[in-house]
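Participant: Next up, entry_2.csv (CSV, C-alpha atoms).
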chain,number,residue,atom,x,y,z
A,10,MET,CA,1.0,17.2,9.1
A,11,SER,CA,-1.0,15.6,6.4
A,12,ASN,CA,-1.0,17.1,2.9
A,13,ILE,CA,2.6,18.1,3.0
A,14,SER,CA,4.2,17.0,-0.2
A,15,ASP,CA,7.7,15.5,0.1
A,16,LEU,CA,9.1,14.0,-3.1
A,17,SER,CA,12.4,13.2,-1.4
A,18,ARG,CA,10.5,10.5,0.5
A,19,ASP,CA,9.3,9.1,-2.8
A,20,GLN,CA,12.7,8.8,-4.3
A,21,TRP,CA,14.4,5.4,-4.7
A,22,MET,CA,16.0,4.4,-1.3
A,23,LEU,CA,18.1,1.3,-2.0
A,24,LYS,CA,21.6,2.7,-1.3
A,25,GLY,CA,24.1,1.9,1.4
A,26,PRO,CA,23.2,-1.2,3.5
A,27,LEU,CA,19.7,-1.4,1.8
A,28,ALA,CA,21.3,-2.0,-1.6
A,29,LYS,CA,22.2,-5.5,-0.4
A,30,ARG,CA,19.4,-6.1,2.0
A,31,GLY,CA,16.5,-3.9,1.2
A,32,TYR,CA,13.3,-3.4,-0.8
A,33,ASP,CA,11.5,-0.3,-2.1
A,34,TRP,CA,8.2,-0.2,-3.8
A,35,TRP,CA,5.7,2.3,-5.3
A,36,TRP,CA,2.1,1.2,-5.0
A,37,HIS,CA,-0.9,2.6,-7.0
A,38,SER,CA,-4.5,1.4,-6.5
A,39,PHE,CA,-7.7,2.6,-8.1
A,40,THR,CA,-11.2,1.7,-9.4
A,41,ALA,CA,-11.9,1.5,-13.1
A,42,GLU,CA,-15.1,1.1,-15.1
A,43,ASN,CA,-15.8,-1.5,-17.7
A,44,ALA,CA,-15.8,0.4,-21.0
A,45,GLU,CA,-18.9,-1.5,-22.3
A,46,THR,CA,-21.0,-2.2,-19.1
A,47,GLY,CA,-19.9,0.5,-16.7
A,48,GLU,CA,-19.3,-2.1,-14.0
A,49,GLN,CA,-16.7,-1.0,-11.5
A,50,LYS,CA,-13.6,-3.1,-10.7
A,51,PRO,CA,-10.6,-2.2,-8.4
A,52,PHE,CA,-7.0,-2.7,-9.6
A,53,TYR,CA,-3.5,-2.0,-8.4
A,54,VAL,CA,-0.1,-1.5,-10.1
A,55,GLU,CA,3.2,-1.8,-8.1
A,56,PHE,CA,6.9,-1.5,-8.9
A,57,PHE,CA,8.8,-3.6,-6.4
A,58,THR,CA,12.6,-3.3,-6.2
A,59,CYS,CA,14.9,-5.6,-4.3
A,60,ASN,CA,18.7,-5.8,-3.5
A,61,PRO,CA,20.2,-4.1,-6.5
A,62,ALA,CA,23.8,-4.5,-5.3
A,63,LEU,CA,23.3,-8.3,-5.6
A,64,ALA,CA,22.4,-8.2,-9.3
A,65,GLU,CA,23.0,-11.1,-11.6
A,66,ASP,CA,22.4,-11.4,-15.4
A,67,GLU,CA,18.9,-12.8,-14.6
A,68,PRO,CA,16.4,-12.0,-12.0
A,69,ARG,CA,17.2,-14.0,-8.9
A,70,ILE,CA,14.3,-15.4,-6.8
A,71,VAL,CA,15.2,-17.6,-3.8
A,72,TRP,CA,12.2,-17.9,-1.5
A,73,ASN,CA,11.3,-21.4,-2.9
A,74,LEU,CA,14.8,-22.9,-2.6
A,75,SER,CA,16.0,-25.0,0.2
A,76,ASP,CA,18.8,-23.6,2.5
A,77,ALA,CA,21.3,-25.8,0.7
A,78,GLU,CA,20.1,-24.7,-2.8
A,79,ARG,CA,20.0,-21.0,-1.7
A,80,GLY,CA,23.6,-21.1,-0.4
A,81,GLY,CA,23.2,-17.8,1.4
A,82,ARG,CA,22.1,-15.9,-1.7
A,83,ARG,CA,19.4,-13.3,-1.5
A,84,PRO,CA,16.9,-12.1,-4.2
A,85,SER,CA,17.6,-9.3,-6.6
A,86,TYR,CA,15.3,-7.9,-9.2
A,87,LEU,CA,12.6,-5.4,-10.2
A,88,MET,CA,9.2,-7.0,-10.0
A,89,VAL,CA,6.3,-5.2,-11.8
A,90,ASN,CA,3.2,-6.4,-10.1
A,91,ALA,CA,-0.4,-5.7,-11.2
A,92,GLY,CA,-3.5,-7.1,-9.7
A,93,PHE,CA,-7.3,-6.9,-9.6
A,94,TRP,CA,-9.9,-7.7,-6.9
A,95,GLY,CA,-13.5,-8.9,-7.0
A,96,GLU,CA,-15.2,-12.1,-8.2
A,97,LYS,CA,-12.4,-12.3,-10.8
A,98,LYS,CA,-9.2,-11.7,-8.9
A,99,GLY,CA,-5.5,-12.2,-9.4
A,100,GLN,CA,-2.0,-10.9,-9.3
A,101,LEU,CA,0.4,-10.9,-12.2
A,102,HIS,CA,4.2,-10.6,-11.8
A,103,ARG,CA,6.9,-9.7,-14.3
A,104,PHE,CA,10.6,-9.8,-13.3
A,105,PHE,CA,13.5,-7.9,-14.6
A,106,ALA,CA,17.3,-8.2,-14.0
A,107,TRP,CA,18.9,-5.0,-12.8
A,108,LYS,CA,20.9,-4.6,-16.0
A,109,ASP,CA,17.6,-4.1,-17.8
A,110,VAL,CA,16.3,-1.4,-15.4
A,111,ARG,CA,16.8,2.3,-15.4
A,112,VAL,CA,16.2,4.2,-12.1
A,113,LYS,CA,16.6,7.9,-11.8
A,114,ASP,CA,18.7,9.1,-8.9
A,115,GLY,CA,17.0,11.6,-6.6
A,116,ALA,CA,13.6,13.2,-6.8
A,117,PRO,CA,11.2,13.1,-8.5
A,118,TYR,CA,11.7,9.4,-9.1
A,119,GLU,CA,11.5,7.5,-12.3
A,120,ILE,CA,11.8,3.8,-12.9
A,121,GLU,CA,11.7,2.0,-16.3
A,122,ALA,CA,12.2,-1.5,-17.7
A,123,ALA,CA,11.2,-2.5,-21.3
A,124,ASP,CA,7.6,-1.0,-21.7
A,125,CYS,CA,7.1,-0.7,-17.9
A,126,PHE,CA,7.5,2.9,-16.6
A,127,CYS,CA,6.5,4.7,-13.4
A,128,SER,CA,7.0,8.2,-12.1
A,129,GLU,CA,5.1,10.8,-10.0
A,130,THR,CA,2.9,11.7,-12.9
A,131,ARG,CA,2.5,8.6,-15.1
A,132,THR,CA,2.7,4.8,-15.2
A,133,ARG,CA,2.4,2.4,-18.1
A,134,GLY,CA,3.3,-1.2,-18.8
A,135,SER,CA,2.2,-4.7,-19.5
A,136,ILE,CA,2.4,-8.2,-18.0
A,137,ASP,CA,1.5,-11.4,-19.8
A,138,VAL,CA,1.8,-14.8,-17.9
A,139,SER,CA,0.6,-17.9,-19.7
A,140,ALA,CA,-1.1,-20.7,-17.7
A,141,ALA,CA,1.8,-23.0,-18.7
A,142,ASP,CA,4.4,-20.5,-17.4
A,143,ALA,CA,2.5,-19.9,-14.2
A,144,ALA,CA,2.4,-23.6,-13.5
A,145,ALA,CA,6.0,-24.2,-14.5
A,146,HIS,CA,7.3,-21.2,-12.4
A,147,PRO,CA,5.7,-21.2,-9.0
A,148,GLU,CA,8.7,-19.1,-7.8
A,149,TRP,CA,7.2,-16.2,-9.8
A,150,MET,CA,4.3,-16.1,-7.3
A,151,SER,CA,2.1,-15.2,-10.2
A,152,ASP,CA,-1.3,-16.1,-11.5
A,153,ALA,CA,-2.0,-16.5,-15.3
A,154,GLY,CA,-3.3,-13.7,-17.3
A,155,SER,CA,-2.6,-10.6,-19.4
A,156,ILE,CA,-2.8,-6.9,-18.3
A,157,SER,CA,-1.7,-3.6,-19.7
A,158,TRP,CA,-2.2,0.0,-18.5
A,159,ASP,CA,-1.4,3.6,-19.3
A,160,LEU,CA,-2.4,6.1,-16.6
A,161,ALA,CA,-1.8,9.8,-15.8
A,162,ILE,CA,-1.3,10.3,-12.0
A,163,ASN,CA,-2.4,13.4,-10.1
A,164,LYS,CA,-1.5,13.2,-6.4
A,165,GLN,CA,-3.7,15.6,-4.4
A,166,VAL,CA,-3.5,14.8,-0.7
A,167,ALA,CA,-0.4,13.5,1.0
A,168,PHE,CA,0.1,11.7,4.4
A,169,HIS,CA,3.4,13.0,5.7
A,170,VAL,CA,4.2,10.9,8.8
A,171,GLY,CA,6.7,13.3,10.3
A,172,TYR,CA,10.3,12.9,11.4
A,173,GLY,CA,10.1,9.1,11.6
A,174,ALA,CA,10.6,8.8,7.9
A,175,GLY,CA,12.8,11.9,7.7
A,176,LYS,CA,16.3,12.0,6.2
A,177,PHE,CA,18.1,11.5,9.6
A,178,PHE,CA,16.2,8.3,10.4
A,179,ARG,CA,16.4,7.1,6.7
A,180,ASP,CA,20.2,7.5,6.7
A,181,LEU,CA,20.4,5.4,9.9
A,182,ASN,CA,17.9,2.8,8.5
A,183,ALA,CA,16.3,3.2,11.9
A,184,PHE,CA,13.0,1.5,11.1
A,185,GLU,CA,12.7,-1.9,9.5
A,186,MET,CA,9.8,-0.7,7.4
A,187,PHE,CA,9.4,2.9,6.3
A,188,TRP,CA,6.2,4.4,4.8
A,189,HIS,CA,5.2,7.6,2.9
A,190,ALA,CA,1.9,8.2,1.2
A,191,GLU,CA,2.5,11.0,-1.3
A,192,GLY,CA,-0.8,10.3,-2.9
A,193,MET,CA,-3.1,9.4,0.0
A,194,LYS,CA,-5.8,10.8,-2.4
A,195,THR,CA,-4.8,10.5,-6.0
A,196,ARG,CA,-6.7,11.1,-9.3
A,197,TYR,CA,-5.8,8.7,-12.1
A,198,GLU,CA,-6.9,8.9,-15.7
A,199,GLY,CA,-6.4,6.5,-18.5
A,200,GLU,CA,-7.2,2.9,-19.3
A,201,ILE,CA,-6.3,-0.6,-18.3
A,202,VAL,CA,-6.9,-3.8,-20.3
A,203,LEU,CA,-7.4,-7.1,-18.5
A,204,ASP,CA,-7.5,-10.3,-20.5
A,205,GLY,CA,-8.8,-8.3,-23.5
A,206,VAL,CA,-11.5,-6.4,-21.6
A,207,ARG,CA,-11.0,-2.6,-21.6
A,208,TYR,CA,-11.6,-0.5,-18.5
A,209,LEU,CA,-11.6,3.2,-18.2
A,210,VAL,CA,-10.0,5.0,-15.3
A,211,LYS,CA,-11.7,8.3,-14.6
A,212,PRO,CA,-10.5,11.0,-12.1
A,213,GLU,CA,-13.9,11.4,-10.5
A,214,THR,CA,-14.6,7.7,-9.9
A,215,CYS,CA,-11.2,6.1,-9.5
A,216,TYR,CA,-11.0,6.8,-5.7
A,217,GLY,CA,-7.2,6.5,-6.2
A,218,TYR,CA,-4.4,6.0,-3.8
A,219,ALA,CA,-0.5,6.0,-4.1
A,220,ASP,CA,2.2,5.3,-1.5
A,221,LYS,CA,5.5,3.6,-1.0
A,222,ASN,CA,7.2,1.4,1.5
A,223,TRP,CA,10.9,0.6,1.9
A,224,GLY,CA,13.2,-1.0,4.4
A,225,GLY,CA,15.0,-4.2,5.3
A,226,ASP,CA,12.0,-6.4,6.1
A,227,PHE,CA,8.2,-6.3,6.5
A,228,THR,CA,6.0,-5.9,9.6
A,229,SER,CA,3.8,-8.4,11.4
A,230,PRO,CA,0.9,-7.7,12.0
A,231,TRP,CA,0.5,-5.7,8.8
A,232,VAL,CA,-2.5,-3.4,8.7
A,233,TRP,CA,-3.6,-0.9,6.0
A,234,LEU,CA,-6.9,0.9,5.4
A,235,SER,CA,-7.6,3.9,3.1
A,236,SER,CA,-10.5,5.4,1.1
A,237,ASN,CA,-11.6,8.7,-0.4
A,238,ASN,CA,-15.1,7.4,-1.4
A,239,LEU,CA,-16.8,8.9,1.6
A,240,VAL,CA,-20.3,10.1,2.3
A,241,SER,CA,-21.4,12.1,5.3
A,242,SER,CA,-24.4,10.6,7.3
A,243,ARG,CA,-24.9,14.0,8.8
A,244,THR,CA,-25.6,15.8,5.5
A,245,GLY,CA,-26.1,12.9,3.1
A,246,LYS,CA,-23.5,14.5,0.8
A,247,ARG,CA,-20.3,13.1,-0.7
A,248,LEU,CA,-17.2,14.4,1.0
A,249,THR,CA,-15.2,15.6,-2.1
A,250,ASN,CA,-12.2,16.9,-0.2
A,251,SER,CA,-11.7,14.1,2.3
A,252,VAL,CA,-9.6,10.9,2.7
A,253,PHE,CA,-8.6,8.7,5.5
A,254,GLU,CA,-5.6,6.3,6.0
A,255,ILE,CA,-4.5,3.9,8.7
A,256,GLY,CA,-1.3,1.8,8.5
A,257,GLY,CA,1.3,0.0,10.5
A,258,GLY,CA,1.5,-3.0,12.8
A,259,ARG,CA,4.5,-3.7,15.0
A,260,PRO,CA,7.3,-1.4,14.0
A,261,LYS,CA,10.9,-2.2,14.7
A,262,VAL,CA,13.3,0.6,15.6
A,263,PHE,CA,17.0,-0.2,15.5
A,264,GLY,CA,16.0,-3.9,15.7
A,265,ALA,CA,13.7,-3.5,18.8
A,266,ALA,CA,10.0,-4.3,18.2
A,267,LEU,CA,7.6,-1.7,19.6
A,268,ASN,CA,4.1,-2.6,20.9
A,269,ARG,CA,1.4,-2.9,18.2
A,270,LYS,CA,1.1,0.7,16.8
A,271,LEU,CA,-0.6,2.3,13.9
A,272,LEU,CA,-0.3,5.6,12.1
A,273,GLY,CA,-3.4,7.4,10.9
A,274,ALA,CA,-4.8,10.5,9.3
A,275,PHE,CA,-8.2,11.8,8.3
A,276,TRP,CA,-8.3,14.7,5.9
A,277,TYR,CA,-11.9,15.8,6.6
A,278,GLU,CA,-13.1,18.5,4.1
A,279,GLY,CA,-9.8,20.3,4.3
A,280,LYS,CA,-9.2,19.9,8.1
A,281,ASN,CA,-6.5,17.5,9.2
A,282,TYR,CA,-6.9,15.0,12.1
A,283,GLU,CA,-3.7,13.0,12.7
A,284,PHE,CA,-3.1,10.1,15.0
A,285,ASN,CA,0.6,9.5,15.1
A,286,PHE,CA,2.4,7.7,18.0
A,287,SER,CA,5.7,9.3,17.1
A,288,LYS,CA,4.2,12.8,17.9
A,289,PHE,CA,4.0,12.1,21.7
A,290,TRP,CA,2.9,15.7,22.5
A,291,THR,CA,-0.5,15.0,20.8
A,292,LEU,CA,-1.2,12.2,23.4
A,293,SER,CA,-1.9,9.9,20.5
A,294,GLY,CA,-3.2,6.4,21.3
A,295,THR,CA,-4.5,3.5,19.2
A,296,LYS,CA,-6.4,0.3,19.9
A,297,PHE,CA,-7.0,-2.1,17.0
A,298,ASP,CA,-8.4,-5.5,16.4
A,299,CYS,CA,-8.2,-7.4,13.1
A,300,ARG,CA,-10.0,-10.7,12.8
A,301,GLU,CA,-11.0,-13.3,10.2
A,302,THR,CA,-14.5,-14.8,10.0
A,303,GLU,CA,-15.6,-17.5,7.6
A,304,ASP,CA,-16.5,-15.0,4.9
A,305,GLU,CA,-14.8,-11.7,5.8
A,306,ILE,CA,-11.9,-9.8,7.3
A,307,HIS,CA,-12.8,-7.2,9.9
A,308,TRP,CA,-10.9,-4.2,11.1
A,309,HIS,CA,-11.8,-2.1,14.2
A,310,VAL,CA,-9.5,0.7,15.0
A,311,VAL,CA,-10.0,3.4,17.6
A,312,GLN,CA,-7.5,6.3,17.5
A,313,THR,CA,-7.4,9.2,19.9
A,314,THR,CA,-5.5,12.4,20.6
A,315,ALA,CA,-6.1,15.1,23.2
A,316,THR,CA,-8.5,16.8,20.9
A,317,ALA,CA,-10.0,14.2,18.6
A,318,LYS,CA,-11.1,10.5,18.2
A,319,LEU,CA,-11.7,8.4,15.1
A,320,ASP,CA,-13.5,5.1,15.4
A,321,THR,CA,-13.2,3.0,12.2
A,322,GLU,CA,-14.9,-0.2,11.4
A,323,ILE,CA,-14.2,-1.8,8.0
A,324,ARG,CA,-15.0,-5.2,6.5
A,325,CYS,CA,-14.2,-6.9,3.2
A,326,LYS,CA,-15.4,-10.1,1.7
A,327,LYS,CA,-12.7,-12.8,1.5
A,328,LYS,CA,-14.0,-13.9,-1.9
A,329,ASP,CA,-13.0,-10.5,-3.3
A,330,MET,CA,-9.5,-10.4,-1.7
A,331,LEU,CA,-6.1,-11.7,-2.6
A,332,HIS,CA,-3.3,-13.3,-0.6
A,333,ILE,CA,-0.8,-10.9,-1.9
A,334,ARG,CA,2.7,-12.4,-2.4
A,335,TYR,CA,6.1,-10.9,-1.6
A,336,GLU,CA,9.5,-12.3,-1.1
A,337,ALA,CA,11.4,-10.3,1.6
A,338,PRO,CA,15.0,-9.1,0.8
A,339,THR,CA,16.2,-11.8,3.2
A,340,GLY,CA,15.0,-14.4,0.8
A,341,LEU,CA,12.2,-15.6,3.1
A,342,LYS,CA,8.5,-15.6,2.4
A,343,ARG,CA,6.9,-15.4,5.9
A,344,HIS,CA,3.7,-13.6,4.9
A,345,ASN,CA,1.5,-16.3,3.3
A,346,ARG,CA,-1.9,-15.1,4.4
A,347,LEU,CA,-1.5,-11.4,3.7
A,348,TRP,CA,-5.2,-10.5,2.9
A,349,ASN,CA,-5.4,-7.6,0.5
A,350,GLY,CA,-8.5,-6.0,-1.0
A,351,GLY,CA,-9.7,-3.0,-2.9
A,352,ASN,CA,-13.5,-2.9,-2.2
A,353,GLY,CA,-13.9,-2.9,1.6
A,354,THR,CA,-16.8,-1.0,3.2
A,355,GLY,CA,-17.4,0.5,6.6
A,356,VAL,CA,-18.2,3.4,8.9
A,357,LEU,CA,-16.0,6.0,10.5
A,358,LYS,CA,-17.1,8.1,13.5
A,359,LEU,CA,-15.2,11.3,14.0
A,360,TYR,CA,-15.4,13.0,17.4
A,361,GLU,CA,-14.1,16.2,18.9
A,362,ARG,CA,-12.7,15.8,22.4
A,363,ARG,CA,-12.7,18.7,24.8
A,364,PHE,CA,-12.5,18.8,28.6
A,365,GLY,CA,-13.1,15.0,28.8
A,366,LYS,CA,-16.3,15.2,26.7
A,367,GLU,CA,-16.6,13.6,23.2
A,368,THR,CA,-18.9,15.3,20.6
A,369,LEU,CA,-19.7,13.5,17.3
A,370,ILE,CA,-18.6,15.6,14.4
A,371,ASP,CA,-19.8,13.2,11.7
A,372,GLU,CA,-20.4,9.6,10.9
A,373,ILE,CA,-19.0,8.7,7.5
A,374,VAL,CA,-19.8,5.8,5.2
A,375,ALA,CA,-16.7,4.5,3.4
A,376,GLU,CA,-16.7,2.4,0.2
A,377,ASN,CA,-13.9,1.3,-2.2
A,378,VAL,CA,-11.6,0.9,0.8
A,379,GLY,CA,-8.1,-0.4,0.2
A,380,CYS,CA,-7.5,-2.9,3.0
A,381,GLU,CA,-4.8,-5.2,4.1
A,382,TYR,CA,-4.2,-7.5,7.1
A,383,GLY,CA,-1.8,-10.4,7.7
A,384,GLU,CA,0.6,-11.9,10.3
A,385,TYR,CA,3.6,-14.0,9.8
A,386,ASP,CA,3.2,-17.8,9.8
A,387,LYS,CA,3.7,-19.2,13.2
Now, as a test, write the supplied structure out as structure tokens.

Facilitator:
Amino acid sequence: MSNISDLSRDQWMLKGPLAKRGYDWWWHSFTAENAETGEQKPFYVEFFTCNPALAEDEPRIVWNLSDAERGGRRPSYLMVNAGFWGEKKGQLHRFFAWKDVRVKDGAPYEIEAADCFCSETRTRGSIDVSAADAAAHPEWMSDAGSISWDLAINKQVAFHVGYGAGKFFRDLNAFEMFWHAEGMKTRYEGEIVLDGVRYLVKPETCYGYADKNWGGDFTSPWVWLSSNNLVSSRTGKRLTNSVFEIGGGRPKVFGAALNRKLLGAFWYEGKNYEFNFSKFWTLSGTKFDCRETEDEIHWHVVQTTATAKLDTEIRCKKKDMLHIRYEAPTGLKRHNRLWNGGNGTGVLKLYERRFGKETLIDEIVAENVGCEYGEYDK
């Protein structure tokens, strides 16, 4: 069911019970080119909302407080979060109280605070955190630096996960963490300025991605892989109408944890291969292994249905990755080694399965892979 647009899944979800114990974020990642040197660098921009019904006059962050100091209070804010991967890496956070935030009701979504804005078709904003402020406010979970951006967004291929994120299950808050990738393949255009260095974001080389997550808490393990910078080993040609995505971990449904499960889709030159455990009639199955070496994070995922198989192996250098930082709407910060990168590399092997026989369709080299892996602290 990939490439079915559903803007209702991209609208802001923090109503009902989730207004007091919920998060909802829109994520955008892409590669930009140094305006002077042409060097490529991956970036992300995220608008992260939390517990609007608990709003106070100032953004409320509680993860760093003791139980006594917290007094049962939970966080409440909009956090605008922008980051960058590579030899120079970092994440910059800017917090807003809810009285200073405008969120459009319904679809298509819009969210705005000061000069920060995000919608289906555009995002712009700025974050400036001094070294002194970063040191004085560890609760901000931010590095020091300055970043600004202005980008047009053109979402081209969606990953529609099916009924699991449909209105019925959303209204019941059935899952602890929901997911929708309206822009599994997205073209961005504009510019981003990092610490005074200007980068150009071009549709043909941005290898862009956009999704959202929402719910009452996060998953552990947490797995995500995606890229549309793909080259066929069979033909040697770039796959210009292709993108793959894998995500999930250990979903909870009505509070009960399922076994380790992932959702996945491969849009291969206009043909869809989906690996979705919720669609039991496809006989979907997944095995995955994520491991950490001294220098790298490795992912190996094997997904099957009755008619197809996708074997994915990705790696990313730890020196290029972040430990991305989130406070859950509970006020806890349990993910402290959530490895997150934007320039993973690897190989995908796509097979047709028929009458018990597997036939290789293509072996694909993937670069500029967005990647994530982490488990809760023990």

Participant: Mind giving me the straight-line distance from CA of Asn12 in chain A to CA of His169 in chain A in Å, one decimal?

Facilitator: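 The value is 6.6 Å.
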
Participant: Would you compute the distance between CA of Phe187 in chain A and CA of Phe227 in chain A? Give it in Å to one decimal.

Facilitator: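 Taking CA of Phe187 in chain A as the start and CA of Phe227 in chain A as the end point, the length is 9.3 Å.
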
Participant: Given the point (3.0, -10.1, -15.9) in the coordinates of this file, which residues lie within 10 Å, counting all atoms listed in the file, and how would they look as number ranges by chain?

Facilitator: A: 88-92, 100-104, 134-139, 143, 149, 151-157

Participant: When distances are computed from only C-alpha atoms, which of A:Arg133, A:Lys113, A:Ser235, A:Gly225 shows the smallest separation from Gly25 in chain A?

Facilitator: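 Going through A:Arg133, A:Lys113, A:Ser235, A:Gly225 one by one, the smallest distance to Gly25 in chain A is for A:Gly225.
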
Participant: Taking (9.8, -2.7, -20.6) as a centre in this file's frame and 9 Å as the limit, can you find every polymer residue with an atom that close, using all atoms listed in the file, and give them as a PyMOL selection string?

Facilitator: chain A and resi 105+109-110+121-126+134-135

Participant: What's around range 79-86 of chain A at 7 Å? Count all atoms listed in the file, leave out sequence neighbours fewer than 3 positions away in its own chain, and write the answer as an NGL selection string.

Facilitator: :A and (58-61 or 63-64 or 68-71 or 74-76 or 104-107 or 338-340)

Participant: Kindly export the residues of the current selection with C-alpha atoms, as a PDB file, keeping the file's coordinate frame.

Facilitator:
ATOM      1  CA  THR A  58      12.600  -3.300  -6.200  1.00  0.00           C
ATOM      2  CA  CYS A  59      14.900  -5.600  -4.300  1.00  0.00           C
ATOM      3  CA  ASN A  60      18.700  -5.800  -3.500  1.00  0.00           C
ATOM      4  CA  PRO A  61      20.200  -4.100  -6.500  1.00  0.00           C
ATOM      5  CA  LEU A  63      23.300  -8.300  -5.600  1.00  0.00           C
ATOM      6  CA  ALA A  64      22.400  -8.200  -9.300  1.00  0.00           C
ATOM      7  CA  PRO A  68      16.400 -12.000 -12.000  1.00  0.00           C
ATOM      8  CA  ARG A  69      17.200 -14.000  -8.900  1.00  0.00           C
ATOM      9  CA  ILE A  70      14.300 -15.400  -6.800  1.00  0.00           C
ATOM     10  CA  VAL A  71      15.200 -17.600  -3.800  1.00  0.00           C
ATOM     11  CA  LEU A  74      14.800 -22.900  -2.600  1.00  0.00           C
ATOM     12  CA  SER A  75      16.000 -25.000   0.200  1.00  0.00           C
ATOM     13  CA  ASP A  76      18.800 -23.600   2.500  1.00  0.00           C
ATOM     14  CA  PHE A 104      10.600  -9.800 -13.300  1.00  0.00           C
ATOM     15  CA  PHE A 105      13.500  -7.900 -14.600  1.00  0.00           C
ATOM     16  CA  ALA A 106      17.300  -8.200 -14.000  1.00  0.00           C
ATOM     17  CA  TRP A 107      18.900  -5.000 -12.800  1.00  0.00           C
ATOM     18  CA  PRO A 338      15.000  -9.100   0.800  1.00  0.00           C
ATOM     19  CA  THR A 339      16.200 -11.800   3.200  1.00  0.00           C
ATOM     20  CA  GLY A 340      15.000 -14.400   0.800  1.00  0.00           C
TER      21      GLY A 340
END

Participant: Which one is closest to Trp34 in chain A: A:Tyr118, A:Phe297, A:Tyr360, A:Trp72? Count all atoms listed in the file.

Facilitator: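 Checking each candidate against Trp34 in chain A, we get A:Tyr118 as the closest.
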
Participant: So, with all atoms listed in the file as the atoms that count, which of A:Arg243, A:Lys327, A:Lys194, A:Lys164 lies closest to Trp276 in chain A?

Facilitator: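 Closest to Trp276 in chain A of all the choices is A:Lys194.
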
Participant: For a test of reading the model, state the distance in Å between CA of Glu67 in chain A and CA of Glu336 in chain A, rounded to one decimal.

Facilitator: 16.5 Å

Participant: Do you know which residues are at most 12 Å from Tyr282 in chain A counting only C-alpha atoms, after dropping those on the same chain fewer than 3 positions away, and could you put them as a VMD selection string?

Facilitator: chain A and resid 10 to 12 168 251 to 255 272 to 279 285 291 293 312 to 319 359 to 362 370

Participant: Between A:Glu305, A:Asp19, A:Glu376, A:Asp371, which residue has the minimum interatomic distance to Thr214 in chain A, considering only C-alpha atoms?

Facilitator: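 With only C-alpha atoms as the atom set, the closest residue is A:Glu376.
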
Participant: From the set A:Trp158, A:Thr295, A:Ile333, A:Thr130, which residue has the shortest atom-to-atom contact distance to Ile201 in chain A, counting all atoms listed in the file?

Facilitator: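 Under the stated criterion, the closest residue is A:Trp158.
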
Participant: Give me, as a list in words, all polymer residues having an atom no more than 9 Å from Val206 in chain A, counting all atoms listed in the file and skipping those fewer than 5 positions away in the same chain.

Facilitator: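 Returned residues: Asn43, Ala44, Glu45 and Ile201 of chain A.
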
Participant: Give the answer as one residue: which of A:Asn281, A:Arg18, A:Lys211, A:Ile13 has the shortest atom-to-atom distance to Gln165 in chain A, using all atoms listed in the file?

Facilitator: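 Residue with the minimum atom-to-atom distance to Gln165 in chain A: A:Ile13.
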
Participant: Once you count all atoms listed in the file, what closest atom pair and distance in Å to one decimal does each residue of range 57-158 of chain A within 12 Å of range 350-354 of chain A have, with rows by chain and rising residue number, as a Markdown table?

Facilitator:
| residue | atom | partner | partner_atom | distance |
| --- | --- | --- | --- | --- |
| A:Gly92 | CA | A:Gly351 | CA | 10.1 |
| A:Phe93 | CA | A:Gly351 | CA | 8.1 |
| A:Trp94 | CA | A:Gly351 | CA | 6.2 |
| A:Gly95 | CA | A:Asn352 | CA | 7.7 |
| A:Glu96 | CA | A:Asn352 | CA | 11.1 |
| A:Lys98 | CA | A:Gly350 | CA | 9.8 |
| A:Gly99 | CA | A:Gly350 | CA | 10.9 |
| A:Gln100 | CA | A:Gly350 | CA | 11.6 |

Participant: Could you write out the selected residues, including C-alpha atoms, as a CSV table (one decimal), keeping the file's coordinate frame?

Facilitator:
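Generated output (out.csv):
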chain,number,residue,atom,x,y,z
A,92,GLY,CA,-3.5,-7.1,-9.7
A,93,PHE,CA,-7.3,-6.9,-9.6
A,94,TRP,CA,-9.9,-7.7,-6.9
A,95,GLY,CA,-13.5,-8.9,-7.0
A,96,GLU,CA,-15.2,-12.1,-8.2
A,98,LYS,CA,-9.2,-11.7,-8.9
A,99,GLY,CA,-5.5,-12.2,-9.4
A,100,GLN,CA,-2.0,-10.9,-9.3
